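Structure file upload-v7.csv (CSV, N, CA and C atoms) follows.
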```
chain,number,residue,atom,x,y,z
A,27,MET,N,-17.6,83.4,-75.2
A,27,MET,CA,-18.8,83.7,-74.3
A,27,MET,C,-19.2,82.5,-73.6
A,28,ILE,N,-19.3,82.6,-72.3
A,28,ILE,CA,-19.7,81.5,-71.5
A,28,ILE,C,-21.2,81.4,-71.4
A,29,GLY,N,-21.8,80.3,-71.7
A,29,GLY,CA,-23.2,80.1,-71.7
A,29,GLY,C,-23.7,79.9,-70.3
A,30,GLU,N,-25.0,80.1,-70.2
A,30,GLU,CA,-25.6,80.0,-68.8
A,30,GLU,C,-25.6,78.6,-68.3
A,31,ASN,N,-25.4,77.6,-69.1
A,31,ASN,CA,-25.4,76.2,-68.6
A,31,ASN,C,-24.0,75.7,-68.2
A,32,ASN,N,-23.0,76.5,-68.5
A,32,ASN,CA,-21.6,76.1,-68.1
A,32,ASN,C,-21.4,76.5,-66.6
A,33,VAL,N,-20.8,75.5,-65.9
A,33,VAL,CA,-20.5,75.7,-64.5
A,33,VAL,C,-19.1,75.5,-64.3
A,34,SER,N,-18.5,76.4,-63.6
A,34,SER,CA,-17.0,76.2,-63.2
A,34,SER,C,-16.9,76.1,-61.7
A,35,SER,N,-15.9,75.4,-61.3
A,35,SER,CA,-15.7,75.3,-59.8
A,35,SER,C,-14.2,75.2,-59.6
A,36,ARG,N,-13.8,75.5,-58.4
A,36,ARG,CA,-12.4,75.4,-57.9
A,36,ARG,C,-12.4,74.5,-56.7
A,37,LYS,N,-11.5,73.6,-56.6
A,37,LYS,CA,-11.5,72.6,-55.5
A,37,LYS,C,-10.1,72.5,-55.0
A,38,ALA,N,-10.0,72.1,-53.8
A,38,ALA,CA,-8.7,71.8,-53.2
A,38,ALA,C,-8.8,70.5,-52.5
A,39,THR,N,-7.8,69.7,-52.6
A,39,THR,CA,-7.7,68.4,-51.9
A,39,THR,C,-6.6,68.5,-50.8
A,40,LEU,N,-7.0,68.3,-49.6
A,40,LEU,CA,-6.0,68.3,-48.5
A,40,LEU,C,-5.8,66.9,-48.0
A,41,THR,N,-4.5,66.6,-47.7
A,41,THR,CA,-4.2,65.4,-47.0
A,41,THR,C,-3.5,65.8,-45.8
A,42,LEU,N,-4.0,65.3,-44.7
A,42,LEU,CA,-3.4,65.7,-43.4
A,42,LEU,C,-3.1,64.4,-42.6
A,43,LYS,N,-1.8,64.3,-42.2
A,43,LYS,CA,-1.4,63.1,-41.5
A,43,LYS,C,-1.1,63.6,-40.0
A,44,ILE,N,-1.8,63.0,-39.1
A,44,ILE,CA,-1.6,63.4,-37.7
A,44,ILE,C,-1.2,62.2,-36.9
A,45,SER,N,-0.2,62.4,-36.1
A,45,SER,CA,0.3,61.3,-35.3
A,45,SER,C,0.7,61.8,-33.9
A,46,GLU,N,0.8,60.9,-33.0
A,46,GLU,CA,1.2,61.3,-31.6
A,46,GLU,C,2.6,61.9,-31.6
A,47,PHE,N,2.7,63.0,-30.8
A,47,PHE,CA,4.0,63.6,-30.7
A,47,PHE,C,4.9,62.7,-29.8
A,48,GLU,N,6.1,62.5,-30.3
A,48,GLU,CA,7.0,61.7,-29.6
A,48,GLU,C,8.2,62.5,-29.1
A,49,VAL,N,8.7,62.1,-27.9
A,49,VAL,CA,9.8,62.7,-27.3
A,49,VAL,C,10.9,61.7,-27.3
A,50,PRO,N,12.1,61.9,-27.8
A,50,PRO,CA,12.5,63.2,-28.5
A,50,PRO,C,11.9,63.2,-29.9
A,51,PRO,N,11.7,64.4,-30.4
A,51,PRO,CA,11.0,64.5,-31.7
A,51,PRO,C,11.9,64.1,-32.9
A,52,MET,N,12.7,63.1,-32.7
A,52,MET,CA,13.6,62.7,-33.8
A,52,MET,C,13.2,61.4,-34.4
A,53,GLN,N,12.1,60.8,-34.0
A,53,GLN,CA,11.6,59.6,-34.5
A,53,GLN,C,12.5,58.4,-34.2
A,54,ASP,N,12.9,57.7,-35.2
A,54,ASP,CA,13.7,56.4,-34.9
A,54,ASP,C,15.2,56.6,-35.1
A,55,MET,N,15.6,57.7,-35.9
A,55,MET,CA,17.0,57.7,-36.2
A,55,MET,C,17.4,59.2,-36.6
A,56,LEU,N,18.6,59.5,-36.3
A,56,LEU,CA,19.2,60.8,-36.7
A,56,LEU,C,20.5,60.4,-37.4
A,57,ILE,N,20.7,61.0,-38.6
A,57,ILE,CA,21.9,60.8,-39.3
A,57,ILE,C,22.7,62.2,-39.3
A,58,ILE,N,23.8,62.2,-38.7
A,58,ILE,CA,24.5,63.4,-38.4
A,58,ILE,C,25.7,63.6,-39.4
A,59,GLY,N,25.7,64.7,-40.1
A,59,GLY,CA,26.8,65.0,-41.0
A,59,GLY,C,28.0,65.4,-40.3
A,60,ARG,N,29.2,65.3,-40.9
A,60,ARG,CA,30.5,65.6,-40.3
A,60,ARG,C,30.6,67.1,-39.9
A,61,LYS,N,30.0,68.0,-40.6
A,61,LYS,CA,30.0,69.4,-40.3
A,61,LYS,C,28.7,70.0,-39.8
A,62,ALA,N,27.8,69.1,-39.3
A,62,ALA,CA,26.5,69.5,-38.8
A,62,ALA,C,26.6,70.5,-37.7
A,63,PRO,N,25.6,71.4,-37.5
A,63,PRO,CA,25.6,72.4,-36.5
A,63,PRO,C,25.5,71.8,-35.1
A,64,ILE,N,25.1,70.5,-35.0
A,64,ILE,CA,25.0,69.8,-33.7
A,64,ILE,C,25.8,68.5,-33.9
A,65,GLY,N,26.7,68.3,-32.9
A,65,GLY,CA,27.6,67.1,-33.0
A,65,GLY,C,27.0,65.9,-32.4
A,66,PRO,N,27.6,64.7,-32.7
A,66,PRO,CA,27.1,63.4,-32.2
A,66,PRO,C,26.9,63.4,-30.7
A,67,GLU,N,27.9,63.9,-29.9
A,67,GLU,CA,27.8,63.8,-28.5
A,67,GLU,C,26.6,64.7,-27.9
A,68,ALA,N,26.4,65.8,-28.5
A,68,ALA,CA,25.3,66.7,-28.1
A,68,ALA,C,24.0,66.0,-28.4
A,69,VAL,N,23.9,65.3,-29.6
A,69,VAL,CA,22.7,64.6,-29.9
A,69,VAL,C,22.5,63.4,-29.0
A,70,ARG,N,23.6,62.7,-28.6
A,70,ARG,CA,23.4,61.6,-27.7
A,70,ARG,C,23.0,62.1,-26.3
A,71,ARG,N,23.5,63.2,-25.8
A,71,ARG,CA,23.1,63.7,-24.5
A,71,ARG,C,21.6,64.2,-24.6
A,72,MET,N,21.2,64.8,-25.7
A,72,MET,CA,19.8,65.2,-25.8
A,72,MET,C,18.9,64.0,-25.7
A,73,ALA,N,19.2,62.9,-26.5
A,73,ALA,CA,18.4,61.7,-26.5
A,73,ALA,C,18.4,61.1,-25.2
A,74,GLU,N,19.5,61.0,-24.5
A,74,GLU,CA,19.6,60.4,-23.2
A,74,GLU,C,18.8,61.2,-22.1
A,75,ALA,N,18.8,62.5,-22.2
A,75,ALA,CA,18.0,63.3,-21.3
A,75,ALA,C,16.5,63.2,-21.5
A,76,LEU,N,16.1,63.1,-22.8
A,76,LEU,CA,14.7,63.0,-23.1
A,76,LEU,C,14.1,61.6,-23.1
A,77,SER,N,14.9,60.6,-23.5
A,77,SER,CA,14.5,59.2,-23.5
A,77,SER,C,15.6,58.3,-23.1
A,78,PRO,N,15.8,58.2,-21.8
A,78,PRO,CA,17.0,57.4,-21.2
A,78,PRO,C,17.0,56.0,-21.7
A,79,GLU,N,18.2,55.6,-22.2
A,79,GLU,CA,18.5,54.2,-22.6
A,79,GLU,C,17.6,53.7,-23.8
A,80,GLN,N,17.2,54.7,-24.6
A,80,GLN,CA,16.3,54.3,-25.8
A,80,GLN,C,17.1,54.3,-27.1
A,81,PHE,N,18.3,55.0,-27.1
A,81,PHE,CA,19.0,55.2,-28.3
A,81,PHE,C,20.5,54.8,-28.2
A,82,THR,N,21.1,54.4,-29.3
A,82,THR,CA,22.5,54.1,-29.4
A,82,THR,C,23.1,55.0,-30.4
A,83,LEU,N,24.3,55.6,-30.1
A,83,LEU,CA,25.1,56.4,-31.0
A,83,LEU,C,26.1,55.5,-31.7
A,84,ILE,N,26.1,55.4,-33.0
A,84,ILE,CA,27.0,54.6,-33.8
A,84,ILE,C,27.9,55.6,-34.6
A,85,LYS,N,29.1,55.7,-34.3
A,85,LYS,CA,30.1,56.5,-35.0
A,85,LYS,C,30.5,55.9,-36.3
A,86,MET,N,30.7,56.7,-37.4
A,86,MET,CA,31.0,56.2,-38.7
A,86,MET,C,32.3,56.7,-39.2
A,87,ASP,N,32.9,55.9,-40.1
A,87,ASP,CA,34.1,56.3,-40.8
A,87,ASP,C,33.6,56.5,-42.3
A,88,HIS,N,33.0,57.7,-42.5
A,88,HIS,CA,32.4,58.0,-43.8
A,88,HIS,C,32.7,59.4,-44.1
A,89,PRO,N,32.9,59.7,-45.4
A,89,PRO,CA,33.3,61.1,-45.8
A,89,PRO,C,32.3,62.2,-45.4
A,90,LYS,N,30.9,61.8,-45.4
A,90,LYS,CA,29.9,62.9,-45.1
A,90,LYS,C,29.2,62.6,-43.8
A,91,ILE,N,29.1,61.4,-43.3
A,91,ILE,CA,28.3,61.1,-42.2
A,91,ILE,C,29.3,60.8,-41.0
A,92,GLU,N,29.0,61.5,-39.9
A,92,GLU,CA,29.9,61.3,-38.7
A,92,GLU,C,29.3,60.2,-37.8
A,93,ALA,N,28.0,60.2,-37.6
A,93,ALA,CA,27.4,59.2,-36.7
A,93,ALA,C,25.9,59.1,-37.0
A,94,VAL,N,25.3,58.0,-36.5
A,94,VAL,CA,23.9,57.7,-36.6
A,94,VAL,C,23.4,57.4,-35.2
A,95,LEU,N,22.4,58.1,-34.8
A,95,LEU,CA,21.7,57.8,-33.5
A,95,LEU,C,20.5,57.0,-33.9
A,96,LEU,N,20.4,55.8,-33.3
A,96,LEU,CA,19.4,54.8,-33.7
A,96,LEU,C,18.6,54.3,-32.5
A,97,ARG,N,17.3,54.1,-32.6
A,97,ARG,CA,16.5,53.6,-31.6
A,97,ARG,C,16.9,52.1,-31.3
A,98,ASN,N,17.2,51.8,-30.0
A,98,ASN,CA,17.7,50.5,-29.6
A,98,ASN,C,16.8,49.3,-30.1
A,99,SER,N,15.5,49.5,-30.1
A,99,SER,CA,14.5,48.5,-30.5
A,99,SER,C,14.8,48.0,-31.9
A,100,LEU,N,15.2,48.9,-32.8
A,100,LEU,CA,15.5,48.5,-34.1
A,100,LEU,C,16.8,47.6,-34.2
A,101,LEU,N,17.7,47.9,-33.3
A,101,LEU,CA,18.9,47.0,-33.3
A,101,LEU,C,18.7,45.7,-32.7
A,102,GLN,N,17.6,45.5,-32.0
A,102,GLN,CA,17.2,44.2,-31.5
A,102,GLN,C,16.5,43.4,-32.5
A,103,MET,N,16.0,44.0,-33.6
A,103,MET,CA,15.2,43.3,-34.6
A,103,MET,C,16.1,42.9,-35.8
A,104,ILE,N,17.2,43.6,-36.1
A,104,ILE,CA,17.9,43.3,-37.3
A,104,ILE,C,19.4,43.6,-36.9
A,105,ASP,N,20.3,42.8,-37.6
A,105,ASP,CA,21.7,42.9,-37.3
A,105,ASP,C,22.2,44.4,-37.6
A,106,GLU,N,23.0,44.9,-36.7
A,106,GLU,CA,23.5,46.3,-36.8
A,106,GLU,C,24.3,46.5,-38.1
A,107,LYS,N,25.2,45.6,-38.5
A,107,LYS,CA,26.0,45.8,-39.7
A,107,LYS,C,25.1,45.9,-40.9
A,108,LEU,N,24.1,45.0,-41.0
A,108,LEU,CA,23.2,45.0,-42.2
A,108,LEU,C,22.4,46.3,-42.2
A,109,LEU,N,21.8,46.7,-41.0
A,109,LEU,CA,21.0,47.9,-40.9
A,109,LEU,C,21.8,49.1,-41.3
A,110,MET,N,23.1,49.2,-40.8
A,110,MET,CA,23.9,50.4,-41.1
A,110,MET,C,24.3,50.5,-42.6
A,111,ASN,N,24.5,49.3,-43.2
A,111,ASN,CA,24.8,49.3,-44.6
A,111,ASN,C,23.6,49.9,-45.4
A,112,ILE,N,22.4,49.5,-45.1
A,112,ILE,CA,21.2,50.0,-45.8
A,112,ILE,C,21.0,51.5,-45.5
A,113,ILE,N,21.2,51.9,-44.3
A,113,ILE,CA,21.0,53.3,-43.9
A,113,ILE,C,22.1,54.2,-44.7
A,114,LEU,N,23.3,53.8,-44.7
A,114,LEU,CA,24.4,54.5,-45.4
A,114,LEU,C,24.1,54.6,-46.9
A,115,GLU,N,23.7,53.5,-47.4
A,115,GLU,CA,23.5,53.5,-48.9
A,115,GLU,C,22.4,54.5,-49.3
A,116,GLU,N,21.3,54.5,-48.5
A,116,GLU,CA,20.2,55.4,-48.8
A,116,GLU,C,20.5,56.9,-48.4
A,117,ALA,N,21.1,57.1,-47.3
A,117,ALA,CA,21.3,58.5,-46.8
A,117,ALA,C,22.4,59.2,-47.5
A,118,GLU,N,23.5,58.5,-48.0
A,118,GLU,CA,24.6,59.2,-48.6
A,118,GLU,C,24.2,59.8,-49.9
A,119,ARG,N,23.0,59.4,-50.5
A,119,ARG,CA,22.6,60.0,-51.7
A,119,ARG,C,22.0,61.4,-51.5
A,120,MET,N,21.5,61.7,-50.3
A,120,MET,CA,20.8,62.9,-50.1
A,120,MET,C,21.4,63.8,-49.1
A,121,ILE,N,22.4,63.3,-48.3
A,121,ILE,CA,22.9,64.1,-47.2
A,121,ILE,C,24.1,64.9,-47.6
A,122,SER,N,24.3,66.1,-47.1
A,122,SER,CA,25.5,66.8,-47.2
A,122,SER,C,26.2,66.8,-45.9
A,123,ASP,N,27.5,67.1,-45.8
A,123,ASP,CA,28.2,66.9,-44.5
A,123,ASP,C,27.8,67.9,-43.5
A,124,SER,N,26.9,68.9,-43.8
A,124,SER,CA,26.5,69.9,-42.8
A,124,SER,C,25.0,69.7,-42.4
A,125,MET,N,24.4,68.6,-42.8
A,125,MET,CA,23.0,68.3,-42.5
A,125,MET,C,22.9,67.3,-41.4
A,126,VAL,N,21.7,67.3,-40.8
A,126,VAL,CA,21.2,66.3,-39.8
A,126,VAL,C,19.9,65.8,-40.4
A,127,LEU,N,19.8,64.6,-40.7
A,127,LEU,CA,18.6,64.0,-41.2
A,127,LEU,C,17.9,63.2,-40.1
A,128,ARG,N,16.6,63.4,-40.0
A,128,ARG,CA,15.8,62.5,-39.1
A,128,ARG,C,15.0,61.6,-40.0
A,129,SER,N,14.8,60.4,-39.5
A,129,SER,CA,14.1,59.4,-40.3
A,129,SER,C,13.2,58.5,-39.4
A,130,GLU,N,12.1,58.1,-40.0
A,130,GLU,CA,11.3,57.1,-39.4
A,130,GLU,C,11.7,55.8,-40.0
A,131,LEU,N,11.9,54.8,-39.3
A,131,LEU,CA,12.3,53.4,-39.8
A,131,LEU,C,11.5,52.4,-39.1
A,132,LYS,N,10.7,51.8,-40.0
A,132,LYS,CA,9.8,50.7,-39.5
A,132,LYS,C,10.3,49.4,-40.1
A,133,ILE,N,10.4,48.4,-39.2
A,133,ILE,CA,10.8,47.0,-39.7
A,133,ILE,C,9.6,46.1,-39.5
A,134,ALA,N,9.2,45.4,-40.6
A,134,ALA,CA,8.2,44.4,-40.5
A,134,ALA,C,8.8,43.1,-40.9
A,135,ILE,N,8.7,42.1,-40.0
A,135,ILE,CA,9.3,40.8,-40.3
A,135,ILE,C,8.2,39.9,-40.7
A,136,SER,N,8.5,39.2,-41.8
A,136,SER,CA,7.5,38.2,-42.4
A,136,SER,C,8.1,36.8,-42.2
A,137,VAL,N,7.4,35.9,-41.6
A,137,VAL,CA,7.9,34.5,-41.4
A,137,VAL,C,6.9,33.6,-42.0
A,138,GLN,N,7.4,32.6,-42.7
A,138,GLN,CA,6.6,31.5,-43.3
A,138,GLN,C,7.4,30.2,-43.0
A,139,ARG,N,6.7,29.3,-42.4
A,139,ARG,CA,7.3,28.0,-42.0
A,139,ARG,C,6.5,26.9,-42.6
A,140,GLU,N,7.2,25.8,-42.9
A,140,GLU,CA,6.6,24.6,-43.4
A,140,GLU,C,6.9,23.5,-42.4
A,141,VAL,N,5.8,22.8,-42.0
A,141,VAL,CA,6.0,21.8,-41.0
A,141,VAL,C,5.4,20.5,-41.6
A,142,ASP,N,5.9,19.3,-41.1
A,142,ASP,CA,5.4,18.1,-41.5
A,142,ASP,C,4.1,17.8,-40.7
A,143,LEU,N,3.1,17.3,-41.4
A,143,LEU,CA,1.9,16.9,-40.7
A,143,LEU,C,2.0,15.4,-40.3
A,144,LEU,N,1.5,15.1,-39.1
A,144,LEU,CA,1.6,13.7,-38.6
A,144,LEU,C,0.6,12.9,-39.2
```

For the structure just supplied, provide its representation as structure tokens.
Amino acid sequence: MIGENNVSSRKATLTLKISEFEVPPMQDMLIIGRKAPIGPEAVRRMAEALSPEQFTLIKMDHPKIEAVLLRNSLLQMIDEKLLMNIILEEAERMISDSMVLRSELKIAISVQREVDLL
């Protein structure tokens, strides 16, 4: 029996992340599987039509991944080979050869210098 002093409640917590819509809606990178419904050249043409000269298509010799479409500004910040090794290492754990993954990739560079004082 519930006493008169007992109070029950139901609550919901909502988390809503809102950001500016970007064109093309693929964010920073697309990882294209070998048997994906859209191929690398179609992805490259779409990106070029929507955001001219903003993306580079990098073809892969990988069992599941055919290509990666990457925002040019990321390639200006970090070496392509290093970046692709990291992307492949992480993506190959979750991608199948028929998938296209989109990803946000943010690079933050931290610099610390030591100088002699006069």

Which polymer residues have any atom within 7 Å of an atom of region 119-125 of chain A, counting all atoms listed in the file, with same-chain residues fewer than 5 positions away left out, as a list of chain:residue names?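 Near neighbours after the sequence-gap exclusion: A:Ile57, A:Ile58, A:Gly59, A:Arg60, A:Lys61, A:Ala62, A:Pro63, A:Pro89, A:Lys90, A:Ile91, A:Leu114.
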
Need the shell around Val69 (chain A): protein/DNA/RNA residues with any atom at most 8 Å away, counting only N, CA and C atoms. Skip same-chain ones fewer than 5 positions apart. Format as a ChimeraX atom specification? /A:64,74-75,83,95

Enter the distance from atom N of Ile113 (chain A) to CA of Pro66 (chain A), in Å, rounded to one decimal.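 Between atom N of Ile113 (chain A) and CA of Pro66 (chain A) the gap is 17.7 Å.
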
re atom N of Gln102 (chain A) and CA of Arg128 (chain A): distance 18.5 Å

Measure the distance from CA of Val141 (chain A) to atom C of Met103 (chain A) in Å and round it to one decimal.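 Separation between CA of Val141 (chain A) and atom C of Met103 (chain A): 24.0 Å.
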
Which polymer residues have any atom within 6 Å of an atom of Lys85 (chain A), counting all atoms listed in the file, with same-chain residues fewer than 5 positions away left out, as a ChimeraX atom specification? /A:92-94

Between A:Leu40, A:Ile84, A:Met55, A:Ala117, which residue has the minimum interatomic distance to Leu131 (chain A), considering only N, CA and C atoms?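 Under the stated criterion, the closest residue is A:Met55.
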